[in-house]
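Shown below: query_39.tsv, with TSV, C-alpha atoms and all ligand atoms.
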```tsv
chain	number	residue	atom	x	y	z
M	1	MET	CA	4.04	2.83	21.84
M	2	HIS	CA	5.64	3.11	18.42
M	3	GLU	CA	8.33	5.50	19.66
M	4	LEU	CA	10.10	2.34	20.77
M	5	SER	CA	10.04	0.81	17.29
M	6	ILE	CA	11.12	4.15	15.85
M	7	THR	CA	14.00	4.25	18.35
M	8	LYS	CA	15.03	0.76	17.30
M	9	SER	CA	15.09	1.79	13.65
M	10	MET	CA	17.14	4.82	14.59
M	11	LEU	CA	19.65	2.77	16.60
M	12	ARG	CA	20.03	0.35	13.70
M	13	ILE	CA	20.99	3.21	11.39
M	14	ILE	CA	23.36	4.65	14.01
M	15	ALA	CA	25.07	1.31	14.61
M	16	ARG	CA	25.55	0.84	10.85
M	17	GLU	CA	27.08	4.30	10.48
M	18	MET	CA	29.34	3.94	13.53
M	19	LYS	CA	30.64	0.66	12.20
M	20	SER	CA	31.29	1.89	8.69
M	21	ASN	CA	33.01	5.02	10.03
M	22	GLY	CA	35.07	3.12	12.59
M	23	VAL	CA	33.93	5.15	15.61
M	24	LYS	CA	33.31	3.69	19.04
M	25	ARG	CA	31.49	6.18	21.24
M	26	LEU	CA	28.35	8.04	20.34
M	27	LYS	CA	28.10	11.65	21.55
M	28	LYS	CA	25.13	13.14	19.81
M	29	VAL	CA	22.29	12.33	17.45
M	30	HIS	CA	20.50	14.98	15.42
M	31	ILE	CA	17.02	14.24	14.12
M	32	LYS	CA	14.08	16.11	12.63
M	33	VAL	CA	10.48	15.46	13.65
M	34	GLY	CA	7.69	17.10	11.68
M	35	GLU	CA	4.61	18.51	13.37
M	36	LEU	CA	2.38	16.28	11.27
M	37	THR	CA	3.95	13.01	12.33
M	38	ALA	CA	2.46	10.73	14.94
M	39	VAL	CA	5.64	11.03	16.97
M	40	GLU	CA	5.75	12.51	20.43
M	41	PRO	CA	9.26	14.01	20.73
M	42	GLU	CA	9.43	13.56	24.50
M	43	ALA	CA	8.32	9.93	24.28
M	44	LEU	CA	10.98	9.40	21.64
M	45	ARG	CA	13.60	10.96	23.88
M	46	PHE	CA	12.54	8.73	26.76
M	47	CYS	CA	12.77	5.58	24.62
M	48	PHE	CA	16.13	6.67	23.24
M	49	GLU	CA	17.63	7.27	26.68
M	50	GLU	CA	16.29	3.98	28.01
M	51	SER	CA	17.52	2.04	24.99
M	52	ILE	CA	21.11	3.28	25.06
M	53	ARG	CA	21.64	2.69	28.77
M	54	SER	CA	24.61	0.32	29.36
M	55	THR	CA	25.59	0.32	25.70
M	56	PRO	CA	28.45	2.09	23.90
M	57	MET	CA	25.88	4.74	23.03
M	58	GLU	CA	25.12	5.55	26.67
M	59	GLY	CA	25.09	9.24	27.47
M	60	ALA	CA	24.61	10.40	23.89
M	61	LEU	CA	22.48	13.49	23.46
M	62	LEU	CA	19.40	13.45	21.29
M	63	GLU	CA	18.86	16.75	19.53
M	64	ILE	CA	15.36	17.02	18.09
M	65	ASP	CA	14.45	19.71	15.59
M	66	ASP	CA	10.69	20.23	15.58
M	67	VAL	CA	9.64	21.06	12.05
M	68	PRO	CA	6.48	23.15	11.84
M	69	LEU	CA	3.82	22.38	9.28
M	70	THR	CA	4.62	24.66	6.36
M	71	GLY	CA	2.65	25.35	3.21
M	72	ARG	CA	3.20	27.00	-0.14
M	73	CYS	CA	0.38	28.77	-1.92
M	74	LYS	CA	-0.08	27.37	-5.43
M	75	ALA	CA	-1.45	30.71	-6.62
M	76	CYS	CA	1.16	33.20	-5.38
M	77	GLY	CA	4.02	31.05	-4.09
M	78	THR	CA	4.00	32.44	-0.55
M	79	GLU	CA	5.44	30.05	2.00
M	80	PHE	CA	3.90	30.17	5.45
M	81	ARG	CA	3.44	28.35	8.72
M	82	ILE	CA	0.11	26.52	8.69
M	83	GLU	CA	-1.53	27.37	12.02
M	84	ALA	CA	-4.39	25.24	13.31
M	85	PHE	CA	-4.60	23.49	9.94
M	86	THR	CA	-5.96	26.57	8.26
M	87	ASN	CA	-5.17	26.00	4.60
M	88	ILE	CA	-5.52	29.59	3.50
M	89	CYS	CA	-2.76	31.77	2.10
M	90	PRO	CA	-2.13	34.78	4.38
M	91	ASP	CA	-1.13	36.84	1.34
M	92	CYS	CA	-3.71	36.25	-1.36
M	93	GLY	CA	-6.35	34.17	0.41
M	94	GLY	CA	-5.80	31.25	-1.99
M	95	ASN	CA	-6.83	27.85	-0.67
M	96	GLU	CA	-4.75	25.55	-2.83
M	97	ILE	CA	-1.90	24.91	-0.47
M	98	GLU	CA	0.90	22.46	-0.99
M	99	ARG	CA	2.48	21.12	2.21
M	100	ILE	CA	6.22	21.52	1.94
M	101	ALA	CA	7.40	20.65	5.46
M	102	GLY	CA	6.11	19.06	8.63
M	103	THR	CA	5.99	15.36	7.81
M	104	GLU	CA	9.67	14.55	8.22
M	105	LEU	CA	11.00	11.86	10.54
M	106	ASP	CA	14.64	11.96	9.56
M	107	ILE	CA	18.00	11.28	11.08
M	108	ILE	CA	20.31	14.07	10.01
M	109	SER	CA	23.68	13.31	11.54
M	110	ILE	CA	25.56	11.85	14.47
M	111	GLU	CA	28.66	12.91	16.35
M	112	ALA	CA	30.96	10.21	17.65
M	113	VAL	CA	34.57	9.52	18.60
X	1	MET	CA	35.14	14.01	17.12
X	2	HIS	CA	33.53	12.98	13.85
X	3	GLU	CA	30.37	14.45	12.56
X	4	ILE	CA	28.80	11.86	10.33
X	5	LEU	CA	26.14	13.11	7.96
X	6	ILE	CA	23.32	10.63	7.41
X	7	GLU	CA	20.20	12.44	6.13
X	8	GLU	CA	17.94	9.44	5.94
X	9	LYS	CA	14.35	8.67	6.87
X	10	ILE	CA	14.38	6.89	10.21
X	11	LEU	CA	11.79	4.45	8.86
X	12	ALA	CA	13.63	4.03	5.55
X	13	LYS	CA	13.84	0.27	6.04
X	14	ASN	CA	10.07	-0.01	6.54
X	15	GLY	CA	9.63	2.19	3.48
X	16	GLU	CA	11.81	-0.11	1.38
X	17	ILE	CA	9.91	-3.21	2.38
X	18	ALA	CA	6.62	-1.38	1.83
X	19	SER	CA	7.75	-0.55	-1.72
X	20	GLU	CA	8.55	-4.21	-2.31
X	21	ASN	CA	5.11	-5.19	-1.02
X	22	ARG	CA	3.55	-2.57	-3.27
X	23	SER	CA	5.34	-3.94	-6.34
X	24	PHE	CA	4.29	-7.45	-5.36
X	25	PHE	CA	0.65	-6.33	-5.22
X	26	LYS	CA	0.87	-4.39	-8.44
X	27	GLU	CA	2.44	-7.22	-10.44
X	28	ARG	CA	-0.29	-9.58	-9.31
X	29	LYS	CA	-3.11	-7.06	-9.65
X	30	ILE	CA	-3.93	-7.24	-5.96
X	31	PHE	CA	-5.65	-4.20	-4.45
X	32	ALA	CA	-4.64	-3.84	-0.80
X	33	VAL	CA	-6.65	-1.85	1.72
X	34	ASN	CA	-5.19	-0.90	5.10
X	35	ILE	CA	-7.99	-0.20	7.59
X	36	VAL	CA	-7.03	1.78	10.69
X	37	SER	CA	-8.97	3.15	13.66
X	38	SER	CA	-9.14	3.35	17.42
X	39	PRO	CA	-10.15	0.09	19.09
X	40	GLY	CA	-13.89	-0.47	18.69
X	41	ALA	CA	-14.64	2.04	15.93
X	42	GLY	CA	-15.95	-0.81	13.80
X	43	LYS	CA	-13.18	-2.08	11.50
X	44	THR	CA	-14.15	-5.73	11.85
X	45	ALA	CA	-17.87	-4.91	11.64
X	46	ILE	CA	-17.28	-3.07	8.37
X	47	ILE	CA	-15.35	-6.00	6.94
X	48	GLU	CA	-18.21	-8.30	8.05
X	49	LYS	CA	-20.67	-6.11	6.16
X	50	THR	CA	-18.44	-5.75	3.11
X	51	VAL	CA	-17.56	-9.39	2.50
X	52	PRO	CA	-21.06	-10.73	1.68
X	53	LEU	CA	-21.67	-7.85	-0.72
X	54	ILE	CA	-18.56	-8.31	-2.80
X	55	LYS	CA	-17.27	-11.84	-2.36
X	56	ASP	CA	-19.11	-13.11	-5.45
X	57	LYS	CA	-17.60	-10.34	-7.53
X	58	VAL	CA	-14.02	-10.20	-6.29
X	59	ASN	CA	-11.66	-12.78	-4.94
X	60	LEU	CA	-10.76	-11.48	-1.52
X	61	ALA	CA	-8.61	-12.35	1.45
X	62	VAL	CA	-8.34	-10.69	4.85
X	63	ILE	CA	-5.38	-10.11	7.14
X	64	GLU	CA	-6.31	-9.46	10.76
X	65	GLY	CA	-3.79	-7.57	12.88
X	66	ASP	CA	-4.27	-7.80	16.61
X	67	LEU	CA	-2.12	-7.46	19.71
X	68	ALA	CA	-2.91	-10.85	21.15
X	69	THR	CA	-6.16	-12.52	20.15
X	70	ASP	CA	-7.68	-14.12	17.07
X	71	LEU	CA	-11.25	-13.12	17.97
X	72	ASP	CA	-11.66	-10.84	14.95
X	73	ALA	CA	-10.26	-13.45	12.57
X	74	ARG	CA	-12.81	-15.95	13.93
X	75	ARG	CA	-15.65	-13.49	13.28
X	76	LEU	CA	-14.76	-13.65	9.58
X	77	LEU	CA	-14.33	-17.39	9.17
X	78	LYS	CA	-18.07	-17.91	8.71
X	79	PHE	CA	-17.86	-16.31	5.27
X	80	GLY	CA	-15.63	-19.05	3.91
X	81	ILE	CA	-12.96	-16.62	2.76
X	82	PRO	CA	-9.23	-16.87	3.48
X	83	VAL	CA	-8.36	-15.07	6.73
X	84	LYS	CA	-4.88	-14.79	8.17
X	85	GLN	CA	-4.14	-13.65	11.69
X	86	ILE	CA	-1.06	-11.63	12.62
X	87	THR	CA	-0.55	-11.15	16.34
X	88	THR	CA	1.86	-8.30	16.92
X	89	GLY	CA	2.44	-8.91	20.64
X	90	LYS	CA	3.57	-5.62	22.09
X	91	ALA	CA	3.74	-3.72	18.82
X	92	CYS	CA	0.75	-1.42	18.46
X	93	HIS	CA	0.79	-1.42	14.66
X	94	LEU	CA	1.46	-3.67	11.69
X	95	ASP	CA	4.60	-2.86	9.74
X	96	ALA	CA	5.69	-3.64	6.20
X	97	HIS	CA	7.80	-6.53	7.44
X	98	ASN	CA	4.76	-8.23	9.04
X	99	ILE	CA	2.97	-8.00	5.70
X	100	SER	CA	5.95	-9.25	3.67
X	101	HIS	CA	5.85	-12.46	5.70
X	102	ILE	CA	2.23	-13.04	4.72
X	103	LEU	CA	2.74	-12.61	0.97
X	104	PRO	CA	3.45	-16.32	0.30
X	105	TRP	CA	0.16	-17.12	2.03
X	106	VAL	CA	-1.61	-14.57	-0.17
X	107	LEU	CA	-0.20	-16.33	-3.25
X	108	GLU	CA	-1.36	-19.71	-1.98
X	109	GLN	CA	-4.93	-18.41	-1.92
X	110	LYS	CA	-4.79	-18.21	-5.76
X	111	GLY	CA	-6.12	-15.27	-7.69
X	112	VAL	CA	-6.71	-12.85	-4.81
X	113	SER	CA	-7.62	-9.45	-6.22
X	114	LEU	CA	-8.61	-7.66	-3.00
X	115	LEU	CA	-6.62	-7.91	0.20
X	116	ILE	CA	-8.22	-6.26	3.21
X	117	ILE	CA	-5.83	-5.61	6.08
X	118	GLU	CA	-7.33	-4.75	9.47
X	119	ASN	CA	-4.59	-2.93	11.36
X	120	VAL	CA	-4.15	-3.02	15.13
X	121	GLY	CA	-6.69	-0.75	16.87
X	122	ASN	CA	-4.70	2.43	17.41
X	123	MET	CA	-5.07	5.95	16.14
X	124	VAL	CA	-1.42	6.92	16.42
X	125	CYS	CA	1.14	4.29	15.59
X	126	PRO	CA	-0.14	2.89	12.26
X	127	ALA	CA	0.12	6.39	10.77
X	128	GLU	CA	3.88	6.20	10.33
X	129	TYR	CA	4.01	2.66	8.95
X	130	ASP	CA	3.39	2.24	5.26
X	131	LEU	CA	2.47	-1.39	4.56
X	132	GLY	CA	2.60	-1.07	0.79
X	133	GLU	CA	-1.19	-0.75	0.64
X	134	SER	CA	-3.07	0.68	-2.34
X	135	ILE	CA	-5.31	2.79	-0.12
X	136	ARG	CA	-5.54	3.57	3.57
X	137	VAL	CA	-8.97	3.90	5.13
X	138	VAL	CA	-9.46	5.42	8.56
X	139	VAL	CA	-12.62	4.56	10.49
X	140	MET	CA	-13.98	6.88	13.15
X	141	SER	CA	-17.21	6.26	15.01
X	142	VAL	CA	-19.67	8.91	16.07
X	143	ALA	CA	-19.16	7.68	19.61
X	144	GLU	CA	-15.78	9.41	19.48
X	145	GLY	CA	-15.23	13.18	19.50
X	146	ASP	CA	-15.79	15.27	16.37
X	147	ASP	CA	-12.42	16.92	17.12
X	148	LYS	CA	-10.60	13.62	16.72
X	149	PRO	CA	-9.05	14.57	13.36
X	150	LEU	CA	-7.40	17.57	15.00
X	151	LYS	CA	-6.04	15.42	17.83
X	152	TYR	CA	-4.71	12.68	15.57
X	153	PRO	CA	-3.80	14.59	12.40
X	154	ALA	CA	-1.16	12.15	11.14
X	155	ILE	CA	-3.59	9.28	10.60
X	156	PHE	CA	-6.11	11.51	8.82
X	157	SER	CA	-3.52	13.17	6.64
X	158	SER	CA	-2.08	9.83	5.53
X	159	SER	CA	-5.43	8.23	4.70
X	160	ASP	CA	-7.33	8.22	1.42
X	161	ALA	CA	-10.81	7.71	2.83
X	162	LEU	CA	-12.64	8.24	6.09
X	163	LEU	CA	-15.59	6.12	7.16
X	164	LEU	CA	-17.74	7.86	9.74
X	165	ASN	CA	-19.25	4.76	11.29
X	166	LYS	CA	-22.11	4.07	13.74
X	167	ILE	CA	-24.24	6.85	12.29
X	168	ASP	CA	-27.24	4.97	13.70
X	169	LEU	CA	-26.12	6.35	17.06
X	170	LEU	CA	-26.05	9.98	15.93
X	171	GLY	CA	-29.24	10.88	17.81
X	172	HIS	CA	-27.75	9.59	21.06
X	173	THR	CA	-24.58	11.66	21.06
X	174	ASP	CA	-23.60	15.30	20.75
X	175	PHE	CA	-21.35	14.37	17.86
X	176	ASP	CA	-21.51	17.09	15.20
X	177	ILE	CA	-21.03	15.24	11.93
X	178	ASP	CA	-20.55	18.38	9.84
X	179	LYS	CA	-17.91	19.60	12.26
X	180	ALA	CA	-16.17	16.21	12.10
X	181	LYS	CA	-16.07	16.36	8.31
X	182	GLU	CA	-14.85	19.94	8.35
X	183	ASN	CA	-12.07	19.01	10.77
X	184	ALA	CA	-11.07	15.98	8.72
X	185	LEU	CA	-10.95	18.01	5.50
X	186	LYS	CA	-8.83	20.66	7.19
X	187	ILE	CA	-6.24	18.01	7.89
X	188	ASN	CA	-6.63	16.38	4.50
X	189	PRO	CA	-8.56	18.18	1.75
X	190	TYR	CA	-8.33	15.08	-0.50
X	191	LEU	CA	-10.02	12.73	1.96
X	192	LYS	CA	-13.06	10.87	0.59
X	193	ILE	CA	-15.64	10.80	3.39
X	194	LEU	CA	-18.40	8.20	3.65
X	195	GLU	CA	-21.00	7.65	6.36
X	196	THR	CA	-21.77	4.11	7.44
X	197	SER	CA	-23.72	2.08	9.94
X	198	CYS	CA	-22.98	-1.57	10.44
X	199	ARG	CA	-26.15	-1.78	12.52
X	200	THR	CA	-28.63	-0.59	9.88
X	201	GLY	CA	-26.46	-1.19	6.81
X	202	GLU	CA	-26.77	2.44	5.78
X	203	GLY	CA	-23.92	3.58	3.57
X	204	ILE	CA	-22.42	0.12	3.15
X	205	ASN	CA	-23.44	-0.10	-0.52
X	206	GLU	CA	-21.83	3.27	-1.16
X	207	TRP	CA	-18.66	2.14	0.61
X	208	CYS	CA	-18.51	-1.06	-1.47
X	209	ALA	CA	-19.11	0.95	-4.65
X	210	PHE	CA	-16.28	3.28	-3.66
X	211	LEU	CA	-14.00	0.30	-3.04
X	212	GLU	CA	-14.84	-1.30	-6.38
X	213	GLY	CA	-14.34	2.04	-8.08
X	214	GLU	CA	-10.89	2.39	-6.55
X	215	MET	CA	-10.02	-1.15	-7.63
X	216	THR	CA	-11.05	-0.40	-11.21
X	217	GLY	CA	-9.18	2.91	-11.09
X	218	ALA	CA	-6.03	1.13	-9.96
X	219	GLU	CA	-6.32	-1.37	-12.82
X	220	VAL	CA	-6.70	1.38	-15.38
X	221	LYS	CA	-3.62	3.16	-14.01
X	222	ALA	CA	-1.50	-0.01	-14.00
Y	1	LIG	N1	-24.45	0.80	16.90
Y	1	LIG	C1	-23.43	0.41	16.14
Y	1	LIG	N2	-22.49	-0.40	16.64
Y	1	LIG	C2	-21.47	-0.78	15.84
Y	1	LIG	C3	-21.34	-0.32	14.52
Y	1	LIG	N3	-20.20	-0.82	14.00
Y	1	LIG	C4	-19.64	-1.58	14.96
Y	1	LIG	N4	-20.40	-1.56	16.09
Y	1	LIG	C5	-20.13	-2.24	17.35
Y	1	LIG	O1	-18.97	-1.68	17.93
Y	1	LIG	C6	-18.20	-2.68	18.58
Y	1	LIG	C7	-16.78	-2.70	18.06
Y	1	LIG	O2	-16.79	-3.07	16.68
Y	1	LIG	P1	-15.57	-3.81	16.01
Y	1	LIG	O3	-15.92	-4.08	14.60
Y	1	LIG	O4	-15.12	-4.97	16.82
Y	1	LIG	O5	-14.46	-2.66	16.09
Y	1	LIG	P2	-12.90	-2.73	15.76
Y	1	LIG	O6	-12.17	-2.84	17.05
Y	1	LIG	O7	-12.59	-1.44	15.06
Y	1	LIG	O8	-12.67	-3.90	14.85
Y	1	LIG	C8	-18.94	-3.99	18.35
Y	1	LIG	O9	-19.72	-4.26	19.49
Y	1	LIG	C9	-19.79	-3.70	17.15
Y	1	LIG	O10	-20.97	-4.48	17.13
Y	1	LIG	C10	-22.35	0.55	14.01
Y	1	LIG	O11	-22.32	1.02	12.87
Y	1	LIG	N5	-23.36	0.90	14.87
Y	2	MG	MG	-11.38	-5.51	15.04
Y	3	ZN	ZN	-1.28	33.05	-2.05
```
Conversion result in structure tokens:
Amino acid sequence: MHELSITKSMLRIIAREMKSNGVKRLKKVHIKVGELTAVEPEALRFCFEESIRSTPMEGALLEIDDVPLTGRCKACGTEFRIEAFTNICPDCGGNEIERIAGTELDIISIEAV
Amino acid sequence: MHEILIEEKILAKNGEIASENRSFFKERKIFAVNIVSSPGAGKTAIIEKTVPLIKDKVNLAVIEGDLATDLDARRLLKFGIPVKQITTGKACHLDAHNISHILPWVLEQKGVSLLIIENVGNMVCPAEYDLGESIRVVVMSVAEGDDKPLKYPAIFSSSDALLLNKIDLLGHTDFDIDKAKENALKINPYLKILETSCRTGEGINEWCAFLEGEMTGAEVKA
């Protein structure tokens, strides 16, 4: 289960930021998970909660923004939600679609005291 | 309460190491192929078929990723090519760090121009871990469902080529190969799709030609 290795990478970033900002207790973590990643948000949440137990991060909330797969039509510029991987522009029917969102696996911010 | 803005890829560290691996390969003109699939789709069998066809033309080495055993690595020793085993233990994928540790070994093999990396058998986890490879190849056998690309979109969207393997078994399954291709291309319109059988050898020449073509293409670009 790679959600555990992803959690570890996340905790490493959090620890680095807490140290450099001189904060001691983690309250909240805000991340973005794209639809087209191989990450199961609930599995990630489970790993996160297990991993912070009995640490200074215990009790912190994990806020996950699910980012839908989004495309932009190369012909007319329309941006739209790609449903069921249908790569067709709802406006002009064009099929050259650039994917502009949905692959992110990013840590956005943390709140801590 | 402090809000601390980070805005960073969670796997940024893996990405950095992967970039270093990629530069290492590029400087030494090594073409690296990351082969991914579910367990049993035929990654090792494809490597076994590929090696005899190209080992007189290109200097190759193989890295075998596996949870616990070196059985696959042993299957390749008979070809007299350099094979290195990485056992990942509990980790269900290779990461860029695993590969960076093997680079000195790759150098020791002198003049390697093709490095084949068999990833741990898993359709999910390897998708998020860039190794620094030149191309990623996903293998799917016709003994799996033709809707697999829709169920595991991340691995198909991050791959450059798809090998539909075990086509000798097509008559014995209700696998719809056109449907499978259609599904895969929905996820990734740029995917190069090849059909192979390690049993009959069908499609293996085409696969090797594709591989050699990609290697030449990479040289021209460099
Ligand atoms: N019928 C048939 N069997 C195959 C083919 N390719 C691999 N196999 C068999 O499938 C099993 C798993 O193959 P293996 O290469 O170990 O898969 P891996 O786990 O992806 O490395 C082995 O018993 C192979 O002999 C094929 O094209 N046709
Ligand atoms: Mg294998
Ligand atoms: Zn359009």
(message) Please determine, counting all atoms listed in the file, which residue among X:Ile4, X:Ile177, X:Leu76, X:Val58 has the shortest atom-to-atom distance to ligand MG 2 (chain Y).
(response) X:Leu76
(message) At a cut-off of 8 Å, using only C-alpha atoms, what residues contact Ile10 of chain X? Leave out same-chain residues fewer than 3 positions from it and give the result as a list in words.
(response) Ile6, Ser9, Met10, Ile13, Leu105, Asp106 and Ile107 of chain M; Lys13 of chain X
(request) Could you report the residues within 9 Å of ligand MG 2 (chain Y), using only C-alpha atoms and all ligand atoms, as a PyMOL selection string? (result) chain X and resi 39-45+64-66+71-73+118-121
(message) Contacts from chain X to chain M, 8 Å maximum, all atoms listed in the file: show me the residue list as a PyMOL selection string.
(response) chain X and resi 1-11+13+91-93+124-125+127-128+152-155+186-187
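Among the candidate residues X:Asn188, X:Asn98, X:Asn165, X:Ser113, the one lying nearest to ligand LIG 1 (chain Y) is X:Asn165, with distances computed using all atoms listed in the file.
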Taking a cut-off of 6 Å and counting all atoms listed in the file, can you build a table that, for each residue of chain M near ligand ZN 3 (chain Y), reports the nearest atom pair and how far apart they are in Å (one decimal), sorted by chain then residue number, as a tab-separated table?
```
residue	atom	partner	partner_atom	distance
M:Cys73	CA	Y:ZN3	ZN	4.6
M:Ala75	CA	Y:ZN3	ZN	5.1
M:Cys76	CA	Y:ZN3	ZN	4.1
M:Thr78	CA	Y:ZN3	ZN	5.5
M:Cys89	CA	Y:ZN3	ZN	4.6
M:Asp91	CA	Y:ZN3	ZN	5.1
M:Cys92	CA	Y:ZN3	ZN	4.1
M:Gly93	CA	Y:ZN3	ZN	5.7
M:Gly94	CA	Y:ZN3	ZN	4.9
```
(message) Which residue is closest to Ser37 of chain X? Choose from X:Phe24, X:Tyr129, X:Phe156, X:Trp105 and count only C-alpha atoms.
(response) X:Phe156
Box dimensions and centre (Å, one decimal) enclosing ligand LIG 1 (chain Y), axis-aligned, 3 Å extra per side, as JSON:
```
{"center_x": -18.3, "center_y": -2.0, "center_z": 16.2, "size_x": 18.3, "size_y": 12.0, "size_z": 12.6}
```
(request) Using all atoms listed in the file, pick whichever of X:Ile99, X:Leu53, X:Leu191, X:Ala218 has the shortest atom-to-atom distance to Lys84 of chain X. (result)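 Counting all atoms listed in the file, the residue closest to Lys84 of chain X is X:Ile99.
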(request) Identify which of the residues X:Ser134, X:Val83, X:Leu164, X:Met123 lies closest to Lys151 of chain X, counting only C-alpha atoms when measuring atom-to-atom distances. (result)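 Smallest distance to Lys151 of chain X is found for X:Met123.
We find atom CA of Lys24 of chain M and atom CA of Asp66 of chain M to be spaced 28.2 Å apart.
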(request) Can you work out the spacing between atom CA of Leu107 of chain X and atom CA of Asn34 of chain X in Å, to one decimal? (result)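 The value is 18.2 Å.
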(request) Go ahead and find all residues with at least one atom no further than 8 Å from (2.1, 28.6, 1.2) in the file's coordinates, using all atoms listed in the file; report them as a ChimeraX atom specification. (result) /M:70-74,77-81,89,97-99
Would you output that residue set with C-alpha atoms, as a tab-separated table (two decimals), in the frame of the given file?
```tsv
chain	number	residue	atom	x	y	z
M	70	THR	CA	4.62	24.66	6.36
M	71	GLY	CA	2.65	25.35	3.21
M	72	ARG	CA	3.20	27.00	-0.14
M	73	CYS	CA	0.38	28.77	-1.92
M	74	LYS	CA	-0.08	27.37	-5.43
M	77	GLY	CA	4.02	31.05	-4.09
M	78	THR	CA	4.00	32.44	-0.55
M	79	GLU	CA	5.44	30.05	2.00
M	80	PHE	CA	3.90	30.17	5.45
M	81	ARG	CA	3.44	28.35	8.72
M	89	CYS	CA	-2.76	31.77	2.10
M	97	ILE	CA	-1.90	24.91	-0.47
M	98	GLU	CA	0.90	22.46	-0.99
M	99	ARG	CA	2.48	21.12	2.21
```
As an mmCIF file, in the frame of the given file, please: segment 44-56 of chain X completed to N, CA, C and O atoms.
```
data_model
loop_
_atom_site.group_PDB
_atom_site.id
_atom_site.type_symbol
_atom_site.label_atom_id
_atom_site.label_comp_id
_atom_site.auth_asym_id
_atom_site.auth_seq_id
_atom_site.Cartn_x
_atom_site.Cartn_y
_atom_site.Cartn_z
ATOM 1 N N THR X 44 -13.744 -4.348 12.140
ATOM 2 C CA THR X 44 -14.150 -5.730 11.850
ATOM 3 C C THR X 44 -15.605 -5.760 11.392
ATOM 4 O O THR X 44 -15.953 -6.488 10.453
ATOM 5 N N ALA X 45 -16.450 -4.948 12.027
ATOM 6 C CA ALA X 45 -17.870 -4.910 11.640
ATOM 7 C C ALA X 45 -18.003 -4.479 10.188
ATOM 8 O O ALA X 45 -18.818 -5.031 9.438
ATOM 9 N N ILE X 46 -17.207 -3.520 9.756
ATOM 10 C CA ILE X 46 -17.280 -3.070 8.370
ATOM 11 C C ILE X 46 -16.840 -4.178 7.415
ATOM 12 O O ILE X 46 -17.474 -4.415 6.382
ATOM 13 N N ILE X 47 -15.792 -4.891 7.790
ATOM 14 C CA ILE X 47 -15.350 -6.000 6.940
ATOM 15 C C ILE X 47 -16.462 -7.061 6.884
ATOM 16 O O ILE X 47 -16.797 -7.579 5.813
ATOM 17 N N GLU X 48 -17.113 -7.323 8.024
ATOM 18 C CA GLU X 48 -18.210 -8.300 8.050
ATOM 19 C C GLU X 48 -19.357 -7.897 7.132
ATOM 20 O O GLU X 48 -20.036 -8.741 6.567
ATOM 21 N N LYS X 49 -19.591 -6.589 7.028
ATOM 22 C CA LYS X 49 -20.670 -6.110 6.160
ATOM 23 C C LYS X 49 -20.243 -6.100 4.697
ATOM 24 O O LYS X 49 -21.058 -6.232 3.791
ATOM 25 N N THR X 50 -18.957 -5.893 4.468
ATOM 26 C CA THR X 50 -18.440 -5.750 3.110
ATOM 27 C C THR X 50 -18.341 -7.090 2.391
ATOM 28 O O THR X 50 -18.709 -7.215 1.223
ATOM 29 N N VAL X 51 -17.853 -8.092 3.125
ATOM 30 C CA VAL X 51 -17.560 -9.390 2.500
ATOM 31 C C VAL X 51 -18.762 -9.985 1.762
ATOM 32 O O VAL X 51 -18.654 -10.305 0.576
ATOM 33 N N PRO X 52 -19.940 -10.100 2.393
ATOM 34 C CA PRO X 52 -21.060 -10.730 1.680
ATOM 35 C C PRO X 52 -21.466 -9.962 0.431
ATOM 36 O O PRO X 52 -21.922 -10.561 -0.541
ATOM 37 N N LEU X 53 -21.259 -8.647 0.430
ATOM 38 C CA LEU X 53 -21.670 -7.850 -0.720
ATOM 39 C C LEU X 53 -20.743 -7.993 -1.915
ATOM 40 O O LEU X 53 -21.146 -7.751 -3.046
ATOM 41 N N ILE X 54 -19.491 -8.319 -1.662
ATOM 42 C CA ILE X 54 -18.560 -8.310 -2.800
ATOM 43 C C ILE X 54 -17.879 -9.653 -3.063
ATOM 44 O O ILE X 54 -17.210 -9.795 -4.075
ATOM 45 N N LYS X 55 -18.095 -10.641 -2.201
ATOM 46 C CA LYS X 55 -17.270 -11.840 -2.360
ATOM 47 C C LYS X 55 -17.602 -12.650 -3.614
ATOM 48 O O LYS X 55 -16.791 -13.452 -4.059
ATOM 49 N N ASP X 56 -18.805 -12.418 -4.194
ATOM 50 C CA ASP X 56 -19.110 -13.110 -5.450
ATOM 51 C C ASP X 56 -18.508 -12.388 -6.645
ATOM 52 O O ASP X 56 -18.409 -12.939 -7.726
#
```
